[in-house]
Every structure is written in structure tokens, then in C-alpha cells.
Amino acid sequence: MVRFARVDNYYIALAVPLFFALIGVELAVARLMGREHLYRFADAITDLSCGITSQVLVVFYSALLLSVYVWIYSHWRLHSFEAKWAPWVIAFVGVDFIYYWWHRFSHEVNFLWAAHVVHHQSEDYNLAVALRQAVLTAFTAMPFYLPLALIGVPPVVYGTIAAFSTLYQFWIHTQLVPKLRGPIDWIFNLPSHHRVHHAINPRYLDKNYAATLIVWDRLFGTYEEETEAPVYGITKPLASYDPLWAQLHYWFEMWHLARTAASWRDKVFVWFASPAWKPRNLPNPEPRAVSPETYAKFDPRPSLGRIVYVTLHFVVITGATFTVMMWNQRFPHWLLIGLVAAIVLTLWSFGALLQNKRWATFAETGRLTLVAGLAGAWLLRG
């Protein structure tokens with residue numbers, strides 16, 4: 001079980017250096033092409049902060065979630081494959097097919113969207129956005145994949161295929177790859193397809209849910225070709241660089257809708273309705289047309305000093321995150337909890353610094369105090 005619980009996170013952890021290298025390449029190529037606007041420092045840091053928050057918190061519950069898969073496979077599987085290649089093929093098709101439906105429901109059901117919305121909040125579109133992940137999607141996705149355990153896909157096979165599905169989706173988060181023509185455009189999910197998915201243009205909303213194979217969208221009527229310049233983000237902008245608020249804000253929106261709904265039916269239905277739905281006593285305007293030329297992004301400008309400060313400390317946080325992802329099982333519980341708390345508090349403090357919040361200095365002082373105390377406790381223990 002331990003091996004399975006770690007296999008998917010293990011592949012992702014090993015890919016972290018490659019992720020950062022490719023982000024650097026994309027940034028350099030964008031500058032050479034005169035497209036520096038593809039990256040904004042504060043937005044990119046927030047993308048990475050959301051991903052780091054997700055990865056360091058998942059270490060506390062990934063084994064619990066995946067043990068459900070292991071238990072169903074061990075006690076209830078309907079078949080054991082003799083051919084070693086068969087479960088790999090079934091897992092590849094099954095994971096991709098199930099991802100499509102989980103992803104589609106995550107855009108069509110409010111409480112699932114509350115978890116998934118984190119990935120869509122950035123108003124930029126680049127490789128850093130691929131790493132902008134939500135803490136709670138591990139909980140919402142796992143039930144969808146349990147049928148694979150029932151039909152006999154071994155846990156390690158499922159975990160490996162799921163990890164590589166995630167890795168594939170990294171490269172499609174770019175504006176630098178133009179639309180590709182030919183059979184590949186009909187079979188595989190490509191950057192042009194996924195740009196549509198991240199756009200808030202009315203014609204692009206709730207389209208192109210694929211992970212690896214775009215054929216599911218073509219089969220089930222959710223395919224839309226990229227024909228107009230996309231505007232990225234969510235229809236009600238987050239307007240924040242706070243990675244914790246990014247994880248929680250839509251839950252508060254639903255709670256507010258439930259409180260203001262006039263009927264008990266609507267108060268309950270809020271949680272299961274489409275994100276486009278509103279209680280009958282509230283207005284529900286149609287999505288407005290948008291264009292890159294007129295859309296105003298959330299863009300407070302931090303000082304150069306703060307950018308340098310956050311950059312230097314972010315390098316340290318990245319190293320700490322990689323350590324947690326790779327070797328968390330070797331840490332005593334108190335140290336793991338303290339280290340994760342320090343990482344999350346640091347990212348929250350960075351968000352305040354990048355938004356020029358007046359209380360950011362106090363938050364950073366508290367963060368540094370915690371880190372110093374944690375380091376002192378570790379040294380004294382040694």
C-alpha cells in the first residue's frame with residue numbers, strides 16, 4: 001500500500017526540476033519573441049504557490065484516499081489479468097475516459113467546481129498555470145476512478161498511468177505552440193484545445209475537458225475549436241494573490257448564495273447546481289463578451305525589492321517542498337506538520353507582500369519566527 005500511495009506523487013516530484021526548467025525555457029522564448037506579457041511575476045508565483053500548497057497537504061491524506069482503491073482491488077475486483085499488457089491498456093483508456101467525466105462534472109456541479117476552480121483563476125496562460133492545482137480535487141476525483149479497481153486494474157498500474165496523464169497535461173498550458181493540423185488535432189489534446197478550455201469567452205465556456213485524448217470531447221459534444229483570441233480566468237475574477245483564499249473563496253460564495261436564497265429548495269440546490277445557476281430571487285445575467293484588448297487583469301505592482309525578496313525565499317521553499325514530496329515518510333510527525341505549516345504560511349505571506357498589503361510585514365515577521373523556532377527545535381533535538 002505504501003508503494004502505491006507514493007507512486008503517483010513520486011513521478012510528479014521527480015518531474016519538478018523539469019517543470020521549472022521548461023518554465024524558464026518558455027519565459028526565455030517569450031522574451032525573444034517580444035511576448036514578455038505572457039508572464040507576470042506575481043501571478044506566476046501565485047500559480048506555483050497553489051500547486052505547492054496542494055502537494056504538501058496531500059501527503060497527509062493521499063495514503064488514506066488511495067487505500068480505498070487498494071481495498072476494493074484486493075477484496076472486490078471482478079477479474080485478474082493474465083496478460084501483463086492488458087491492465088496498462090485498460091488503465092490508459094479508462095483513466096482518460098474517467099478524467100473527462102470527472103472534469104466535466106467539475107464544471108457542471110457547484111461543490112465540485114469549488115474544488116476545481118483554483119486551476120482556472122489565473123488571468124494568464126503559461127506553463128506555470130499547469131502547476132496551479134487545488135487541495136481538494138484529490139477527494140473529488142478518487143470516487144470516479146474506483147471502477148478501475150473493481151474491474152481489476154492493479155493499484156500501481158493505475159497510479160502510474162494517472163501520474164503520466166497529469167504530466168502530459170503540463171505542456172498544453174502554453175500560448176507559444178500554434179494550432180497543429182492533421183490527425184494529431186483530432187486525436188490528442190493540444191495547446192490550442194486547452195486554451196479554449198481556460199478561456200471565459202462565452203463561446204468557449206465549458207468546452208474541451210480532455211486530458212490526453214480530445215476524442216472524448218468530439219464524441220460527447222463538448223469540443224470547440226480555437227477561432228478567436230481567448231481571455232483567461234474565471235467569469236467572476238478572484239482578484240487576489242492569496243493562495244489560501246484561492247482554495248477557499250468559492251466555498252464562501254456558495255455559502256453566501258445559500259444564505260441569500262429565498263427558498264429552502266434553492267438553499268440546498270446551490271451546492272449541486274451549475275456554477276451558472278442562481279437562486280430564483282437573484283439576477284442571473286448572461287456571460288458578457290470579452291476581448292484581450294479591453295479586459296483589465298488584476299495587477300497590483302510589487303516593488304523590485306519585494307520581487308527580489310520573494311524570489312530568493314521561494315527558491316528555499318521549492319527545495320523544502322521537494323524534500324516533503326520525496327521523503328516525508330522519514331520525518332517525525334511533529335517535524336512534518338511544522339514544516340508543512342511553515343511552507344503554507346510562507347506562501348500566504350508572499351501573497352500579502354505581492355499585493356502590497358499593509359499587514360504583510362507583520363505576516364512575514366510571524367512566518368520567519370515560526371521557521372526559526374522550527375529550525376531551533378530540530379537542532380536541539382539533534
# chains A, B, ... in the order shown; residues from 1 in each chain; ligands from 1

call {"tool": "closest_atom_pairs", "arguments": {"of": "range 96-162 of chain A", "to": "range 189-195 of chain A", "cutoff": "12 Å", "atoms": "only C-alpha atoms", "output": "Markdown table"}}
result
| residue | atom | partner | partner_atom | distance |
| --- | --- | --- | --- | --- |
| A:Asp96 | CA | A:Asn189 | CA | 10.9 |
| A:Tyr100 | CA | A:Asn189 | CA | 11.3 |
| A:His120 | CA | A:Arg195 | CA | 11.0 |
| A:Glu123 | CA | A:Arg195 | CA | 11.8 |
| A:Asp124 | CA | A:Arg195 | CA | 10.5 |
| A:Tyr125 | CA | A:Arg195 | CA | 7.7 |
| A:Asn126 | CA | A:Arg195 | CA | 9.7 |
| A:Leu127 | CA | A:Pro191 | CA | 10.6 |
| A:Val129 | CA | A:Arg195 | CA | 11.3 |
| A:Ala130 | CA | A:His194 | CA | 10.8 |

call {"tool": "atom_distance", "arguments": {"atom1": "CA of Phe220 in chain A", "atom2": "CA of Pro183 in chain A"}}
result
18.7 Å

call {"tool": "residues_around", "arguments": {"residues": "Ser80 in chain A", "least_positions_apart": "5", "cutoff": "10 Å", "atoms": "only C-alpha atoms", "output": "ChimeraX atom specification"}}
result
/A:73,87,151-154

call {"tool": "write_last_selection", "arguments": {"atoms": "N, CA and C atoms", "output": "CSV table (one decimal), in the first residue's frame"}}
result
chain,number,residue,atom,x,y,z
A,73,TYR,N,-9.7,-3.2,-4.8
A,73,TYR,CA,-8.9,-4.1,-5.7
A,73,TYR,C,-8.7,-5.4,-5.0
A,87,PRO,N,-3.9,-4.7,-18.4
A,87,PRO,CA,-4.3,-3.7,-17.5
A,87,PRO,C,-3.7,-2.3,-17.8
A,151,ILE,N,-12.7,-3.5,-11.8
A,151,ILE,CA,-12.5,-4.4,-12.9
A,151,ILE,C,-11.1,-5.0,-12.9
A,152,GLY,N,-10.3,-4.7,-12.0
A,152,GLY,CA,-9.0,-5.4,-11.8
A,152,GLY,C,-7.8,-4.7,-12.3
A,153,VAL,N,-7.8,-3.4,-12.4
A,153,VAL,CA,-6.6,-2.6,-12.7
A,153,VAL,C,-5.7,-2.5,-11.5
A,154,PRO,N,-4.5,-3.1,-11.4
A,154,PRO,CA,-3.7,-3.1,-10.2
A,154,PRO,C,-3.4,-1.7,-9.8

call {"tool": "closest_residue", "arguments": {"among": "A:Ser49, A:Ala128, A:Gly376, A:Val118", "to": "Gly24 in chain A", "atoms": "only C-alpha atoms"}}
result
A:Ala128

call {"tool": "atom_distance", "arguments": {"atom1": "CA of Gly233 in chain A", "atom2": "CA of Arg181 in chain A"}}
result
26.4 Å

call {"tool": "select_by_dssp", "arguments": {"residues": "range 231-339 of chain A", "states": "helix (DSSP H, G or I)", "output": "count of residues only"}}
result
58
